[in-house]
Amino acid sequence: MTPHASLPRLFGDAFAADPEPAYRALRTAGPVAWAEIAPGVYALVVTDHRAAVDLLTDTDTYSKDSRRWAALTAGQVPPDSPVLALMAHRPNLLYADGPEHRRLRGALEDCLARIDTHRLREITRVHAGHLIEHLAPAGHAELMAQFADVLPLLVFADLLGCPPSLAARMVDACHGIINADLGAQRAAADFAACLGELVHLKKTSPGPDLSSWLLDHPHGLNDTEVVDQLFCTVGAGTIPTAAWIASGLELLLRDHTYAGNLTAGSVTVRRALEQVLWTRSPMANFSVHFARHDTHLHRVPVPAGVPVLISHAASGTDPALPTGLGHDNRSHLAWSAGP
């Protein structure tokens with residue numbers, strides 16, 4: 001199939017307000033179907049849960065390296081496209097395969113394992129408390145912009161060992177990436193610049209923080225690699241977390257059964273949050289892969305060099321799945337799958 005103007009559009013105000021019509025159109029076209037993911041940018045999107053798992057675990061056929069993106073190499077992607085902030089190649093584990101992925105991921109996992117979970121819980125509680133104290137006097141709030149988007153960034157600023165002035169700039173830059181508008185690439189560059197300053201600071205004044213641990217890791221990451229692993233870590237740890245917080249809050253405010261089960265103690269916070277991951281995936285359409293050669297996925301042609309996105313949102317609500325999945329089932333693809 002050749003991309004054309006009548007394809008479902010996975011962007012814009014109408015899609016943001018109600019994405020289900022687009023997902024229905026994609027499902028009607030098959031388990032894998034073409035969509036326009038930004039103005040003039042086309043990709044195959046997987047909405048079928050089983051097909052998504054098959055792709056995500058088939059590293060022999062599919063690569064995460066976006067330098068394989070044929071349309072981008074051919075100059076067919078608008079240079080100011082907002083998708084480039086998250087899809088253009090960076091030398092971090094998100095875009096790496098095989099031994100390089102294992103080297104970068106191993107270093108990051110080792111450093112993340114050093115974080116004291118009790119300290120993490122405490123700084124999260126403190127930052128959340130401060131945000132609520134600031135919002136409470138007004139009697140109303142825009143919970144996404146004033147709470148959900150901000151809280152994970154403040155926590156990460158502490159984990160990375162950022163001084164306050166640099167933390168404030170990082171928060172502003174990350175907001176620009178989240179907005180996914182024409183300024184997203186500039187925001188991504190600003191964010192990378194902040195991380196570069198942080199790495200320079202930690203080389204001369206290391207501390208008990210994620211940045212310093214990565215610089216000192218025995219896998220020997222260079223400065224650029226450290227910046228890019230931190231870029232990936234903060235992006236992956238803040239943008240989906242913000243959406244997860246917001247979706248959980250919305251359910252608490254709108255769904256009386258959900259709120260009642262939680263406040264009565266019949267469902268734990270952890271189990272309640274698992275429910276959110278099935279019905280409102282924090283990553284709507286992501287986990288971009290590229291076929292290493294022309295192939296088929298569930299009998300749908302997949303040309304080499306075409307971005308193939310997983311619709312984490314649509315796969316969690318796939319009509320082919322058993323009904324009643326939720327609190328006690330963690331086979332959702334909200335955080336992707338595979339290596």
# chains A, B, ... in the order shown; residues from 1 in each chain; ligands from 1
call {"tool": "residues_around", "arguments": {"residues": "Arg9 of chain A", "least_positions_apart": "4", "cutoff": "9 Å", "atoms": "only C-alpha atoms", "output": "list in words"}}
result
Phe15, Ala22, Ala35, Glu36, Ile37, Ala38 and Pro39 of chain A
call {"tool": "select_by_dssp", "arguments": {"residues": "segment 56-288 of chain A", "states": "helix (DSSP H, G or I)", "output": "PyMOL selection string"}}
result
chain A and resi 56+66-68+70-73+84-87+93-95+98-112+117-138+143-148+150-160+164-179+184-204+210-215+223-254+256-263+269-279
call {"tool": "atom_distance", "arguments": {"atom1": "atom CA of Arg119 of chain A", "atom2": "atom CA of Leu159 of chain A"}}
result
9.6 Å
call {"tool": "atom_distance", "arguments": {"atom1": "atom CA of Phe286 of chain A", "atom2": "atom CA of Ser311 of chain A"}}
result
6.6 Å
call {"tool": "residues_around", "arguments": {"residues": "segment 250-261 of chain A", "least_positions_apart": "6", "cutoff": "12 Å", "atoms": "only C-alpha atoms", "output": "ChimeraX atom specification"}}
result
/A:142-144,148,243-244,267-269,271-273,275-277,279-280,326-327
call {"tool": "closest_residue", "arguments": {"among": "A:Val126, A:Val306, A:Val45, A:Val227", "to": "Thr73 of chain A", "atoms": "only C-alpha atoms"}}
result
A:Val306
call {"tool": "atom_distance", "arguments": {"atom1": "atom CA of Arg114 of chain A", "atom2": "atom CA of Ile132 of chain A"}}
result
29.0 Å
call {"tool": "select_by_dssp", "arguments": {"residues": "segment 6-255 of chain A", "states": "strand (DSSP E)", "output": "ChimeraX atom specification"}}
result
/A:32-38,41-46,62-63
call {"tool": "closest_residue", "arguments": {"among": "A:Arg299, A:Pro79, A:Asn92, A:Ala291", "to": "Gly183 of chain A", "atoms": "only C-alpha atoms"}}
result
A:Pro79
